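Engineer: This is final06.cif (mmCIF, C-alpha atoms).
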data_upload
#
loop_
_atom_site.label_atom_id
_atom_site.label_comp_id
_atom_site.auth_asym_id
_atom_site.auth_seq_id
_atom_site.Cartn_x
_atom_site.Cartn_y
_atom_site.Cartn_z
CA MET A 23 10.64 -18.35 17.75
CA THR A 24 7.59 -16.31 18.70
CA ALA A 25 7.41 -12.60 17.96
CA LYS A 26 7.91 -11.88 21.65
CA GLU A 27 11.01 -14.05 21.89
CA PHE A 28 12.33 -12.36 18.78
CA GLN A 29 11.86 -8.98 20.41
CA ARG A 30 13.75 -10.07 23.50
CA ALA A 31 16.50 -11.63 21.41
CA ARG A 32 17.17 -8.40 19.56
CA GLY A 33 17.02 -6.43 22.78
CA GLY A 34 14.11 -4.14 21.92
CA GLY A 35 11.16 -3.97 24.25
CA ALA A 36 7.66 -4.20 22.86
CA VAL A 37 6.14 -0.83 22.00
CA LEU A 38 2.67 -2.31 22.04
CA GLU A 39 1.50 -5.55 23.55
CA LEU A 40 -2.02 -6.95 23.52
CA THR A 41 -2.49 -10.13 25.53
CA GLU A 42 -5.69 -12.17 25.18
CA VAL A 43 -7.72 -9.02 24.70
CA SER A 44 -11.50 -9.36 24.49
CA LYS A 45 -14.04 -6.61 24.19
CA GLY A 46 -17.77 -6.85 24.55
CA PHE A 47 -20.56 -4.32 24.60
CA ALA A 48 -23.65 -4.75 26.70
CA ALA A 49 -26.81 -4.73 24.62
CA PRO A 50 -30.37 -4.81 25.96
CA GLY A 51 -30.99 -8.36 27.12
CA ALA A 52 -27.63 -9.63 25.85
CA SER A 53 -23.99 -8.76 25.44
CA SER A 54 -22.03 -9.05 22.24
CA LEU A 55 -18.35 -9.80 21.97
CA VAL A 56 -16.63 -7.67 19.33
CA MET A 57 -13.30 -9.43 19.70
CA ALA A 58 -12.02 -12.35 21.67
CA GLY A 59 -8.54 -13.46 22.67
CA VAL A 60 -6.62 -10.99 20.48
CA ASN A 61 -2.82 -11.12 20.81
CA LEU A 62 -0.44 -8.71 19.14
CA THR A 63 3.12 -7.64 19.95
CA LEU A 64 4.79 -4.84 18.03
CA GLY A 65 8.38 -3.72 18.41
CA PRO A 66 10.03 -0.43 17.38
CA GLY A 67 9.94 0.48 13.70
CA GLU A 68 6.99 -1.68 12.70
CA PHE A 69 4.33 -0.45 10.28
CA VAL A 70 1.12 -2.42 10.54
CA ALA A 71 -2.37 -2.13 9.04
CA ILE A 72 -5.49 -3.42 10.75
CA THR A 73 -8.09 -4.25 8.12
CA GLY A 74 -11.45 -5.96 7.99
CA PRO A 75 -15.00 -5.44 6.85
CA ALA A 76 -17.05 -2.48 8.08
CA ALA A 77 -18.04 -2.82 11.74
CA ALA A 78 -15.47 -5.56 12.33
CA GLY A 79 -14.12 -3.63 15.33
CA LYS A 80 -11.06 -1.91 13.83
CA THR A 81 -11.72 1.42 15.56
CA THR A 82 -12.55 -0.34 18.81
CA LEU A 83 -9.20 -2.13 18.64
CA LEU A 84 -7.35 1.15 18.11
CA ARG A 85 -9.21 2.76 21.00
CA LEU A 86 -8.18 -0.15 23.24
CA MET A 87 -4.55 0.34 22.15
CA ALA A 88 -4.83 4.03 23.03
CA GLY A 89 -6.39 3.33 26.44
CA LEU A 90 -9.54 5.24 25.46
CA ASP A 91 -11.55 2.07 26.12
CA ALA A 92 -10.75 -0.72 28.56
CA PRO A 93 -10.84 -4.34 27.45
CA THR A 94 -13.49 -6.64 28.92
CA ALA A 95 -10.70 -9.16 29.51
CA GLY A 96 -6.98 -9.29 28.80
CA ALA A 97 -4.26 -6.64 28.98
CA VAL A 98 -2.89 -3.81 26.86
CA ALA A 99 0.63 -2.44 27.43
CA VAL A 100 2.20 0.57 25.73
CA ALA A 101 5.97 1.13 25.94
CA GLY A 102 6.16 -1.57 28.59
CA ARG A 103 3.46 -0.14 30.87
CA ALA A 104 0.19 -1.97 31.45
CA LEU A 105 -2.67 0.46 30.82
CA GLY A 106 -5.02 -1.47 33.10
CA GLY A 107 -3.15 -0.51 36.24
CA LEU A 108 -3.00 3.23 35.56
CA GLY A 109 -5.21 5.93 37.04
CA ASP A 110 -6.71 8.62 34.80
CA GLY A 111 -3.87 11.08 35.38
CA ALA A 112 -1.11 8.55 34.71
CA LEU A 113 -2.96 7.30 31.62
CA ALA A 114 -3.29 10.84 30.28
CA ARG A 115 0.44 11.46 30.83
CA LEU A 116 1.34 8.18 29.13
CA ARG A 117 -0.82 9.16 26.14
CA LEU A 118 0.92 12.53 25.87
CA THR A 119 4.42 11.07 25.93
CA SER A 120 4.06 7.67 24.28
CA LEU A 121 1.15 7.95 21.85
CA GLY A 122 0.42 10.01 18.77
CA THR A 123 -3.16 9.47 17.73
CA SER A 124 -5.71 10.36 15.10
CA LEU A 125 -8.86 8.62 16.27
CA PRO A 126 -12.60 9.26 16.23
CA GLY A 127 -13.67 10.89 19.46
CA MET A 128 -10.52 13.04 19.59
CA PRO A 129 -11.56 15.97 17.40
CA LEU A 130 -9.66 19.19 16.84
CA LEU A 131 -10.59 21.91 19.30
CA GLU A 132 -12.71 24.61 17.70
CA SER A 133 -11.33 27.34 19.96
CA LEU A 134 -7.80 26.87 18.55
CA ASP A 135 -6.49 27.28 15.01
CA LEU A 136 -4.99 24.27 13.22
CA LEU A 137 -1.42 25.17 14.20
CA ASP A 138 -2.25 25.42 17.91
CA ASN A 139 -4.28 22.23 17.72
CA VAL A 140 -1.18 20.44 16.43
CA ALA A 141 1.02 22.10 19.08
CA LEU A 142 -1.37 21.45 21.99
CA PRO A 143 -0.32 17.88 22.95
CA LEU A 144 3.31 19.02 22.92
CA VAL A 145 2.55 21.94 25.21
CA LEU A 146 0.57 19.67 27.54
CA ALA A 147 3.54 17.29 27.58
CA GLY A 148 5.74 20.13 28.84
CA VAL A 149 7.39 21.37 25.64
CA GLY A 150 7.85 25.15 25.60
CA HIS A 151 5.35 27.15 23.57
CA ARG A 152 7.81 28.36 20.96
CA VAL A 153 9.37 24.95 20.34
CA ALA A 154 5.95 23.28 20.26
CA ARG A 155 4.71 25.72 17.63
CA ALA A 156 7.86 25.26 15.56
CA LYS A 157 7.43 21.49 15.64
CA ALA A 158 3.76 21.84 14.79
CA GLU A 159 4.61 24.10 11.87
CA ALA A 160 7.18 21.63 10.58
CA ALA A 161 4.71 18.73 10.83
CA LEU A 162 2.06 20.68 8.93
CA ARG A 163 4.57 21.80 6.31
CA GLU A 164 5.69 18.20 5.70
CA LEU A 165 2.07 17.35 4.97
CA ALA A 166 1.86 20.36 2.62
CA VAL A 167 -0.48 22.39 4.85
CA THR A 168 1.20 25.71 4.18
CA THR A 169 -1.82 27.92 3.93
CA GLY A 170 -4.64 27.35 6.32
CA ALA A 171 -2.61 26.66 9.47
CA SER A 172 -4.16 29.75 11.03
CA LEU A 173 -7.72 28.66 10.24
CA ALA A 174 -10.10 27.46 12.90
CA PRO A 175 -11.06 23.81 12.23
CA GLU A 176 -14.58 24.92 11.32
CA ALA A 177 -13.26 27.19 8.58
CA ALA A 178 -10.80 24.60 7.23
CA SER A 179 -11.63 22.07 4.50
CA PRO A 180 -12.18 18.41 5.46
CA SER A 181 -8.80 17.53 3.95
CA GLN A 182 -7.02 20.31 5.90
CA ARG A 183 -8.67 19.08 9.08
CA GLN A 184 -7.57 15.51 8.42
CA LEU A 185 -4.01 16.60 7.63
CA ALA A 186 -3.96 18.62 10.87
CA GLN A 187 -5.07 15.52 12.80
CA VAL A 188 -2.27 13.49 11.23
CA ALA A 189 0.21 16.30 11.95
CA ARG A 190 -0.97 16.35 15.58
CA ALA A 191 -0.26 12.61 15.79
CA VAL A 192 3.26 12.80 14.32
CA ALA A 193 4.49 16.17 15.64
CA GLY A 194 5.88 14.90 18.96
CA ASP A 195 8.31 12.09 19.71
CA ALA A 196 5.82 9.40 20.71
CA PRO A 197 7.12 5.91 19.89
CA LEU A 198 3.65 4.63 18.94
CA LEU A 199 1.31 6.23 16.39
CA LEU A 200 -2.30 5.06 16.04
CA LEU A 201 -4.37 6.39 13.15
CA ASP A 202 -7.87 5.44 12.11
CA GLU A 203 -8.56 5.82 8.34
CA PRO A 204 -5.87 8.53 8.07
CA THR A 205 -6.61 9.24 4.40
CA ALA A 206 -10.42 9.05 4.30
CA GLN A 207 -10.85 12.77 3.53
CA LEU A 208 -7.93 13.08 1.12
CA GLY A 209 -7.49 12.84 -2.63
CA PRO A 210 -4.92 10.42 -4.08
CA LEU A 211 -2.00 12.84 -3.87
CA GLY A 212 -2.77 13.89 -0.29
CA ALA A 213 -3.20 10.24 0.68
CA ASP A 214 0.20 9.38 -0.82
CA ARG A 215 1.77 12.24 1.09
CA VAL A 216 0.34 11.08 4.42
CA LEU A 217 1.29 7.45 3.87
CA ARG A 218 4.83 8.35 2.80
CA ASN A 219 5.13 10.58 5.83
CA LEU A 220 4.12 7.66 8.06
CA ARG A 221 6.70 5.50 6.27
CA GLN A 222 9.35 8.12 7.11
CA GLN A 223 8.30 8.09 10.76
CA VAL A 224 8.99 4.35 10.72
CA GLU A 225 12.22 4.34 8.75
CA GLN A 226 13.87 7.53 9.95
CA LYS A 227 12.68 7.70 13.55
CA GLY A 228 12.05 4.03 14.33
CA ARG A 229 8.50 4.75 15.39
CA THR A 230 5.80 2.10 15.35
CA VAL A 231 2.76 2.92 13.26
CA VAL A 232 -0.63 1.21 13.36
CA ILE A 233 -3.32 2.29 10.91
CA ALA A 234 -6.85 0.95 10.68
CA THR A 235 -8.42 1.00 7.25
CA SER A 236 -10.97 -0.74 5.10
CA HIS A 237 -9.07 0.24 1.93
CA ALA A 238 -6.64 -2.30 0.50
CA ALA A 239 -4.61 0.39 -1.27
CA VAL A 240 -4.00 2.17 2.05
CA ALA A 241 -3.19 -1.05 3.90
CA ALA A 242 -0.63 -1.92 1.21
CA HIS A 243 1.63 0.86 2.47
CA ALA A 244 2.22 -1.05 5.71
CA ASP A 245 4.74 -3.88 6.04
CA ARG A 246 2.22 -6.26 7.53
CA GLU A 247 -1.55 -6.56 7.50
CA TYR A 248 -3.74 -8.00 10.24
CA ARG A 249 -7.33 -8.70 9.38
CA LEU A 250 -10.04 -8.46 12.01
CA ARG A 251 -12.91 -10.76 11.21
CA ASP A 252 -15.49 -12.49 13.40
CA GLY A 253 -13.71 -11.18 16.50
CA ALA A 254 -10.32 -12.69 15.66
CA LEU A 255 -7.16 -10.99 14.42
CA GLU A 256 -5.24 -12.85 11.73
CA GLU A 257 -2.07 -11.85 9.91
CA ILE A 258 -2.50 -12.08 6.15
CA MET B 19 -5.73 -12.07 -26.00
CA LEU B 20 -2.52 -13.97 -26.69
CA GLU B 21 -2.29 -12.23 -30.05
CA SER B 22 -2.72 -8.81 -28.45
CA ARG B 23 -0.03 -9.57 -25.83
CA HIS B 24 2.30 -10.75 -28.55
CA MET B 25 1.67 -7.56 -30.52
CA SER B 26 2.24 -5.44 -27.40
CA VAL B 27 5.66 -7.01 -26.85
CA LYS B 28 6.60 -6.69 -30.51
CA PHE B 29 5.66 -3.02 -30.82
CA GLY B 30 6.91 -2.27 -27.31
CA LEU B 31 10.37 -3.44 -28.39
CA LEU B 32 10.07 -1.50 -31.63
CA GLY B 33 9.13 1.64 -29.69
CA ILE B 34 12.17 1.28 -27.42
CA LEU B 35 14.45 0.77 -30.44
CA ALA B 36 12.95 3.84 -32.12
CA ARG B 37 14.51 5.88 -29.30
CA GLN B 38 17.84 4.10 -29.12
CA SER B 39 19.53 1.04 -30.63
CA GLN B 40 20.06 -1.71 -28.05
CA HIS B 41 21.17 -5.31 -27.74
CA GLY B 42 18.84 -8.10 -26.59
CA TYR B 43 19.52 -8.00 -22.87
CA GLU B 44 19.31 -4.20 -22.75
CA LEU B 45 15.95 -4.46 -24.52
CA LYS B 46 14.65 -6.91 -21.95
CA ARG B 47 15.60 -4.51 -19.15
CA SER B 48 14.20 -1.47 -20.95
CA PHE B 49 10.90 -3.21 -21.67
CA GLU B 50 10.49 -4.27 -18.06
CA GLN B 51 11.41 -0.82 -16.81
CA VAL B 52 9.00 1.11 -19.04
CA THR B 53 6.16 -1.23 -18.12
CA GLY B 54 6.71 -0.60 -14.40
CA GLY B 55 8.38 -3.92 -13.60
CA PHE B 56 5.20 -5.97 -13.76
CA TRP B 57 5.59 -7.35 -17.27
CA ARG B 58 8.56 -9.71 -17.19
CA LEU B 59 9.95 -11.20 -20.39
CA ASN B 60 12.13 -14.26 -20.64
CA PRO B 61 15.11 -14.13 -23.02
CA GLY B 62 13.35 -16.59 -25.37
CA GLN B 63 10.43 -14.18 -25.86
CA ILE B 64 12.81 -11.30 -26.60
CA TYR B 65 14.83 -13.15 -29.23
CA GLN B 66 11.75 -14.71 -30.81
CA SER B 67 10.18 -11.26 -31.17
CA LEU B 68 13.43 -9.76 -32.50
CA ASP B 69 13.79 -12.58 -35.07
CA ALA B 70 10.20 -11.95 -36.20
CA LEU B 71 10.80 -8.19 -36.41
CA ALA B 72 14.01 -8.76 -38.43
CA ALA B 73 12.25 -11.21 -40.77
CA GLU B 74 9.58 -8.57 -41.45
CA GLY B 75 12.30 -5.98 -42.12
CA LEU B 76 11.18 -3.79 -39.22
CA VAL B 77 14.54 -3.98 -37.44
CA SER B 78 18.10 -4.55 -38.61
CA TYR B 79 21.16 -5.45 -36.60
CA THR B 80 24.90 -5.15 -36.57
CA VAL B 81 27.17 -7.67 -34.92
CA GLN B 82 29.35 -6.21 -32.19
CA PRO B 83 32.45 -8.30 -31.43
CA LEU B 84 33.34 -8.61 -27.75
CA ASP B 85 36.68 -9.69 -26.30
CA ALA B 86 35.59 -11.65 -23.29
CA ALA B 87 32.16 -12.84 -24.41
CA PRO B 88 30.39 -14.10 -27.53
CA ASP B 89 29.61 -11.45 -30.16
CA ARG B 90 26.29 -9.71 -29.71
CA LYS B 91 23.74 -8.19 -32.03
CA VAL B 92 22.80 -4.56 -31.63
CA TYR B 93 19.34 -3.91 -33.02
CA ALA B 94 18.09 -0.72 -34.70
CA VAL B 95 14.71 0.20 -36.11
CA THR B 96 14.41 0.48 -39.92
CA GLU B 97 12.39 3.06 -41.84
CA SER B 98 9.56 0.59 -42.42
CA GLY B 99 9.79 -0.29 -38.71
CA ARG B 100 9.15 3.36 -37.84
CA ARG B 101 6.16 3.45 -40.18
CA ALA B 102 4.74 0.23 -38.69
CA LEU B 103 5.17 1.65 -35.17
CA ASP B 104 3.39 4.89 -36.13
CA GLU B 105 0.50 2.90 -37.61
CA TRP B 106 0.22 0.72 -34.50
CA LEU B 107 0.25 3.72 -32.18
CA ALA B 108 -2.36 5.59 -34.20
CA GLY B 109 -4.61 2.75 -35.24
CA GLY B 110 -6.66 -0.08 -33.84
CA GLU B 111 -9.77 -0.05 -31.74
CA ALA B 112 -9.62 0.39 -27.98
CA ARG B 113 -10.61 -3.03 -26.67
CA VAL B 114 -11.90 -3.84 -23.22
CA ARG B 115 -9.56 -6.25 -21.45
CA PRO B 116 -11.24 -9.66 -21.25
CA LEU B 117 -11.79 -10.97 -17.73
CA ARG B 118 -10.28 -14.40 -17.62
CA ASP B 119 -8.93 -15.70 -14.42
CA GLU B 120 -8.24 -19.14 -13.05
CA LEU B 121 -10.10 -18.21 -9.86
CA PHE B 122 -13.34 -17.61 -11.81
CA VAL B 123 -13.19 -21.09 -13.29
CA ARG B 124 -12.35 -22.64 -9.93
CA LEU B 125 -15.30 -20.89 -8.27
CA ALA B 126 -17.65 -21.92 -11.07
CA VAL B 127 -16.87 -25.62 -10.74
CA MET B 128 -16.76 -25.59 -6.93
CA THR B 129 -20.41 -24.96 -6.16
CA ASP B 130 -21.07 -28.55 -5.06
CA ARG B 131 -18.13 -28.58 -2.62
CA PRO B 132 -18.35 -27.60 1.08
CA LEU B 133 -18.56 -23.83 1.46
CA ALA B 134 -15.60 -23.88 3.88
CA ASP B 135 -13.37 -25.08 1.01
CA THR B 136 -14.47 -22.15 -1.15
CA LEU B 137 -13.89 -19.66 1.67
CA ALA B 138 -10.42 -21.14 2.26
CA LEU B 139 -9.66 -20.76 -1.44
CA LEU B 140 -10.74 -17.12 -1.35
CA ALA B 141 -8.60 -16.50 1.77
CA GLY B 142 -5.58 -17.89 -0.09
CA TYR B 143 -6.16 -15.53 -3.01
CA ARG B 144 -6.64 -12.62 -0.62
CA ARG B 145 -3.21 -13.28 0.94
CA SER B 146 -1.53 -13.41 -2.47
CA TYR B 147 -3.21 -10.25 -3.73
CA ALA B 148 -2.48 -8.35 -0.49
CA GLN B 149 1.17 -9.38 -0.69
CA HIS B 150 1.42 -8.42 -4.34
CA MET B 151 -0.18 -5.07 -3.60
CA ARG B 152 2.33 -4.32 -0.84
CA GLU B 153 5.12 -5.10 -3.29
CA LEU B 154 3.67 -2.82 -5.97
CA THR B 155 3.15 -0.05 -3.41
CA ARG B 156 6.78 -0.40 -2.28
CA ASN B 157 7.91 -0.12 -5.91
CA LYS B 158 5.76 2.96 -6.39
CA ASN B 159 7.13 4.60 -3.24
CA ASP B 160 10.71 3.70 -4.22
CA LEU B 161 10.14 5.26 -7.62
CA ALA B 162 8.80 8.43 -6.00
CA LYS B 163 11.78 8.53 -3.63
CA ARG B 164 14.34 7.99 -6.41
CA HIS B 165 12.97 10.77 -8.53
CA ALA B 166 11.94 13.38 -6.00
CA GLY B 167 14.20 16.25 -7.04
CA PRO B 168 15.63 18.40 -4.24
CA ASP B 169 13.52 21.29 -5.51
CA GLY B 170 10.45 19.11 -5.92
CA GLY B 171 10.63 19.80 -9.66
CA SER B 172 8.60 17.91 -12.19
CA GLU B 173 9.57 14.38 -13.19
CA PRO B 174 10.61 13.38 -16.68
CA LEU B 175 7.64 12.00 -18.61
CA ASP B 176 9.11 8.46 -18.71
CA LEU B 177 9.09 8.23 -14.95
CA THR B 178 5.64 9.72 -14.66
CA VAL B 179 4.36 7.07 -17.06
CA GLU B 180 6.19 4.31 -15.15
CA GLY B 181 4.45 5.50 -11.98
CA LEU B 182 1.07 5.54 -13.73
CA LEU B 183 1.57 1.99 -14.98
CA LEU B 184 2.40 0.86 -11.46
CA GLU B 185 -0.77 2.56 -10.30
CA ALA B 186 -2.74 0.68 -12.97
CA ALA B 187 -1.46 -2.59 -11.50
CA ILE B 188 -2.34 -1.37 -7.98
CA TYR B 189 -5.88 -0.40 -9.01
CA HIS B 190 -6.41 -3.80 -10.65
CA CYS B 191 -5.21 -5.50 -7.50
CA GLU B 192 -7.49 -3.32 -5.39
CA ALA B 193 -10.48 -4.22 -7.56
CA ASP B 194 -9.67 -7.92 -7.18
CA LEU B 195 -9.45 -7.54 -3.40
CA ARG B 196 -12.77 -5.68 -3.24
CA TRP B 197 -14.37 -8.42 -5.27
CA LEU B 198 -12.87 -11.07 -2.94
CA ASP B 199 -14.37 -9.13 0.03
CA ARG B 200 -17.72 -9.24 -1.71
CA CYS B 201 -17.47 -12.98 -2.44
CA GLU B 202 -16.53 -13.70 1.15
CA ALA B 203 -19.40 -11.61 2.57
CA VAL B 204 -22.02 -13.09 0.22
CA LEU B 205 -20.87 -16.68 0.68
CA ALA B 206 -20.59 -16.30 4.49
CA ALA B 207 -24.16 -14.93 4.54
CA ALA B 208 -25.29 -17.88 2.42
CA ARG B 209 -23.69 -20.25 4.92
CA GLU B 210 -25.63 -18.62 7.78
CA ASP B 211 -28.87 -18.94 5.79
CA VAL B 212 -28.24 -22.62 5.25
CA ALA B 213 -27.40 -23.12 8.93
CA SER B 214 -30.52 -21.35 10.24
#
Show me, as structure tokens, the structure contained in the file I just sent.

Structural biologist:
Amino acid sequence: MTAKEFQRARGGGAVLELTEVSKGFAAPGASSLVMAGVNLTLGPGEFVAITGPAAAGKTTLLRLMAGLDAPTAGAVAVAGRALGGLGDGALARLRLTSLGTSLPGMPLLESLDLLDNVALPLVLAGVGHRVARAKAEAALRELAVTTGASLAPEAASPSQRQLAQVARAVAGDAPLLLLDEPTAQLGPLGADRVLRNLRQQVEQKGRTVVIATSHAAVAAHADREYRLRDGALEEI
Amino acid sequence: MLESRHMSVKFGLLGILARQSQHGYELKRSFEQVTGGFWRLNPGQIYQSLDALAAEGLVSYTVQPLDAAPDRKVYAVTESGRRALDEWLAGGEARVRPLRDELFVRLAVMTDRPLADTLALLAGYRRSYAQHMRELTRNKNDLAKRHAGPDGGSEPLDLTVEGLLLEAAIYHCEADLRWLDRCEAVLAAAREDVAS
């Protein structure tokens, strides 16, 4: 039974589906393919790590999953909706409701303090201000950011900024969380806290979590590991 | 190496008995628990070590009759056992763990084989280590979950040490995986050199 058939059999739709996804970048005089023919189907409550050597394309893969980049060929679907067919507005709405992300290229806004940064996607998704701030506060508290929530990102430490980015990803009710190196700026205790929090998101809320990391100790917190190497994705 | 492992088991059992008298099966469980679940003992090793400790006069035992099962021996540490344990804990040089691994020997005698075979061997090891590391990480998280007090209070020292031992196993595993990454990268580069 394939993973997809298994999903159908247990009645849960795929939260994330990559079908024959390839991605290339045009270079002067040539084009290079970062990945080719990648397939991946994840259902609710899965916790997966994408690993691989530096520059293997881990971040690129996460950006494709988030609809921040479009694949050169193939299709990406989130919560049953193909990203390829969506206009900018629809894609933005889908991201707000279905995706919690901590990815390069999506920095915290300097004009807002950490708390409002965490609350912002909720507010944009239509949650009332007060509720959004309460949820943001709870998410920060669970990651042990008790002091510093009122700091501007610039004034916060690198670890506080990273924790705020993780809090921003988990604060809403999105079924799919995508995080790139979510512990890179943290010490061992902070890293444990983030990874256990992600585990709770999976076990208590049935969310699907995908992390990209080049650290084996971080990847070991996931239930399954997929390694990206020479443009192919292989479960190990 | 073998000698040092044997001594570790012997004095590990003595150390457990110094806290509380136990019978053989309890000792097996206690030993495995205090060493974070990654040092498994078979019953033969336990009873062999206990016989040796009794012969040296470091432990004594009383026979406890049971109704529904064969009688069992409950072991206790003797005075000279306590002295021997104190000496072991205080003495001895700190030795660096020797690096001996079947994979090293396999790699060393594989240099005249096709590189693809070596890379496949490394991939197999990577899978095993990654799996083992997930298991250790699960154990560590379970331990943290079991002992997180409602007030977030501090853990008893035993549990802290159990967690640290699990982390030692995780760090070793991580080092092995990093080294496998390095092997794979260097050997793949060598293959490209040969091909060009």

Engineer: For segment 75-81 of chain A, work out the shell of residues within 12 Å, counting only C-alpha atoms and skipping chain neighbours fewer than 6 positions away, then give it as a PyMOL selection string.

Structural biologist: (chain A and resi 44-47+54-58+60+87-88+90-91+123-127+200-204+232-238+248-255) or (chain B and resi 195-196+198-200+202-203)

Engineer: Got time to write the residues from that selection, C-alpha atoms, as a PDB file, keeping the file's coordinate frame?

Structural biologist:
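As written to disk, out25.pdb reads:
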ATOM      1  CA  SER A  44     -11.500  -9.360  24.490  1.00  0.00           C
ATOM      2  CA  LYS A  45     -14.040  -6.610  24.190  1.00  0.00           C
ATOM      3  CA  GLY A  46     -17.770  -6.850  24.550  1.00  0.00           C
ATOM      4  CA  PHE A  47     -20.560  -4.320  24.600  1.00  0.00           C
ATOM      5  CA  SER A  54     -22.030  -9.050  22.240  1.00  0.00           C
ATOM      6  CA  LEU A  55     -18.350  -9.800  21.970  1.00  0.00           C
ATOM      7  CA  VAL A  56     -16.630  -7.670  19.330  1.00  0.00           C
ATOM      8  CA  MET A  57     -13.300  -9.430  19.700  1.00  0.00           C
ATOM      9  CA  ALA A  58     -12.020 -12.350  21.670  1.00  0.00           C
ATOM     10  CA  VAL A  60      -6.620 -10.990  20.480  1.00  0.00           C
ATOM     11  CA  MET A  87      -4.550   0.340  22.150  1.00  0.00           C
ATOM     12  CA  ALA A  88      -4.830   4.030  23.030  1.00  0.00           C
ATOM     13  CA  LEU A  90      -9.540   5.240  25.460  1.00  0.00           C
ATOM     14  CA  ASP A  91     -11.550   2.070  26.120  1.00  0.00           C
ATOM     15  CA  THR A 123      -3.160   9.470  17.730  1.00  0.00           C
ATOM     16  CA  SER A 124      -5.710  10.360  15.100  1.00  0.00           C
ATOM     17  CA  LEU A 125      -8.860   8.620  16.270  1.00  0.00           C
ATOM     18  CA  PRO A 126     -12.600   9.260  16.230  1.00  0.00           C
ATOM     19  CA  GLY A 127     -13.670  10.890  19.460  1.00  0.00           C
ATOM     20  CA  LEU A 200      -2.300   5.060  16.040  1.00  0.00           C
ATOM     21  CA  LEU A 201      -4.370   6.390  13.150  1.00  0.00           C
ATOM     22  CA  ASP A 202      -7.870   5.440  12.110  1.00  0.00           C
ATOM     23  CA  GLU A 203      -8.560   5.820   8.340  1.00  0.00           C
ATOM     24  CA  PRO A 204      -5.870   8.530   8.070  1.00  0.00           C
ATOM     25  CA  VAL A 232      -0.630   1.210  13.360  1.00  0.00           C
ATOM     26  CA  ILE A 233      -3.320   2.290  10.910  1.00  0.00           C
ATOM     27  CA  ALA A 234      -6.850   0.950  10.680  1.00  0.00           C
ATOM     28  CA  THR A 235      -8.420   1.000   7.250  1.00  0.00           C
ATOM     29  CA  SER A 236     -10.970  -0.740   5.100  1.00  0.00           C
ATOM     30  CA  HIS A 237      -9.070   0.240   1.930  1.00  0.00           C
ATOM     31  CA  ALA A 238      -6.640  -2.300   0.500  1.00  0.00           C
ATOM     32  CA  TYR A 248      -3.740  -8.000  10.240  1.00  0.00           C
ATOM     33  CA  ARG A 249      -7.330  -8.700   9.380  1.00  0.00           C
ATOM     34  CA  LEU A 250     -10.040  -8.460  12.010  1.00  0.00           C
ATOM     35  CA  ARG A 251     -12.910 -10.760  11.210  1.00  0.00           C
ATOM     36  CA  ASP A 252     -15.490 -12.490  13.400  1.00  0.00           C
ATOM     37  CA  GLY A 253     -13.710 -11.180  16.500  1.00  0.00           C
ATOM     38  CA  ALA A 254     -10.320 -12.690  15.660  1.00  0.00           C
ATOM     39  CA  LEU A 255      -7.160 -10.990  14.420  1.00  0.00           C
TER      40      LEU A 255
ATOM     41  CA  LEU B 195      -9.450  -7.540  -3.400  1.00  0.00           C
ATOM     42  CA  ARG B 196     -12.770  -5.680  -3.240  1.00  0.00           C
ATOM     43  CA  LEU B 198     -12.870 -11.070  -2.940  1.00  0.00           C
ATOM     44  CA  ASP B 199     -14.370  -9.130   0.030  1.00  0.00           C
ATOM     45  CA  ARG B 200     -17.720  -9.240  -1.710  1.00  0.00           C
ATOM     46  CA  GLU B 202     -16.530 -13.700   1.150  1.00  0.00           C
ATOM     47  CA  ALA B 203     -19.400 -11.610   2.570  1.00  0.00           C
TER      48      ALA B 203
END

Engineer: Per residue of chain B within 8 Å of chain A, record the nearest atom pair and its distance in Å to one decimal, counting all atoms listed in the file, with rows in chain order and ascending residue number, as CSV.

Structural biologist:
residue,atom,partner,partner_atom,distance
B:Arg144,CA,A:Ile258,CA,8.0
B:Arg145,CA,A:Ile258,CA,5.4
B:Ala148,CA,A:Ala242,CA,6.9
B:Gln149,CA,A:Ala242,CA,7.9
B:Met151,CA,A:Ala242,CA,5.8
B:Arg152,CA,A:Ala242,CA,4.3
B:Glu153,CA,A:Ala242,CA,8.0
B:Thr155,CA,A:His243,CA,6.1
B:Arg156,CA,A:His243,CA,7.1
B:Asn159,CA,A:Arg218,CA,7.5
B:Ile188,CA,A:Ala239,CA,7.3
B:Tyr189,CA,A:Ala239,CA,7.9
B:Glu192,CA,A:Ala238,CA,6.0
B:Leu195,CA,A:Ala238,CA,7.1
B:Arg196,CA,A:Ala238,CA,7.9
B:Asp199,CA,A:Pro75,CA,7.8

Engineer: Identify which of the residues A:Thr168, A:Asn139, A:Thr119, A:Gln182 lies closest to Pro197 of chain A, counting all atoms listed in the file when measuring atom-to-atom distances.

Structural biologist: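 Closest to Pro197 of chain A of all the choices is A:Thr119.
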
Engineer: Can you tell me which residues surround Ala177 of chain A at a distance of at most 12 Å, considering only C-alpha atoms, apart from same-chain residues fewer than 3 positions away, and format the answer as a VMD selection string?

Structural biologist: chain A and resid 132 to 136 170 to 174 180 to 183

Engineer: Just give me the gap between atom CA of Arg85 of chain A and atom CA of Ala141 of chain A in Å, one decimal is fine.

Structural biologist: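 One can read the atom CA of Arg85 of chain A to atom CA of Ala141 of chain A distance as 22.0 Å.
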
Engineer: Exactly which residues make up the result of the PyMOL selection byres ((chain B and resi 96) around 9) on this file, given as JSON, numbers by chain?

Structural biologist: {"B": [36, 75, 76, 77, 78, 94, 95, 97, 98, 99, 100, 101]}

Engineer: What does the structure give for the distance between atom CA of Gln184 of chain A and atom CA of Gly209 of chain A, in Å to one decimal?

Structural biologist: 11.4 Å
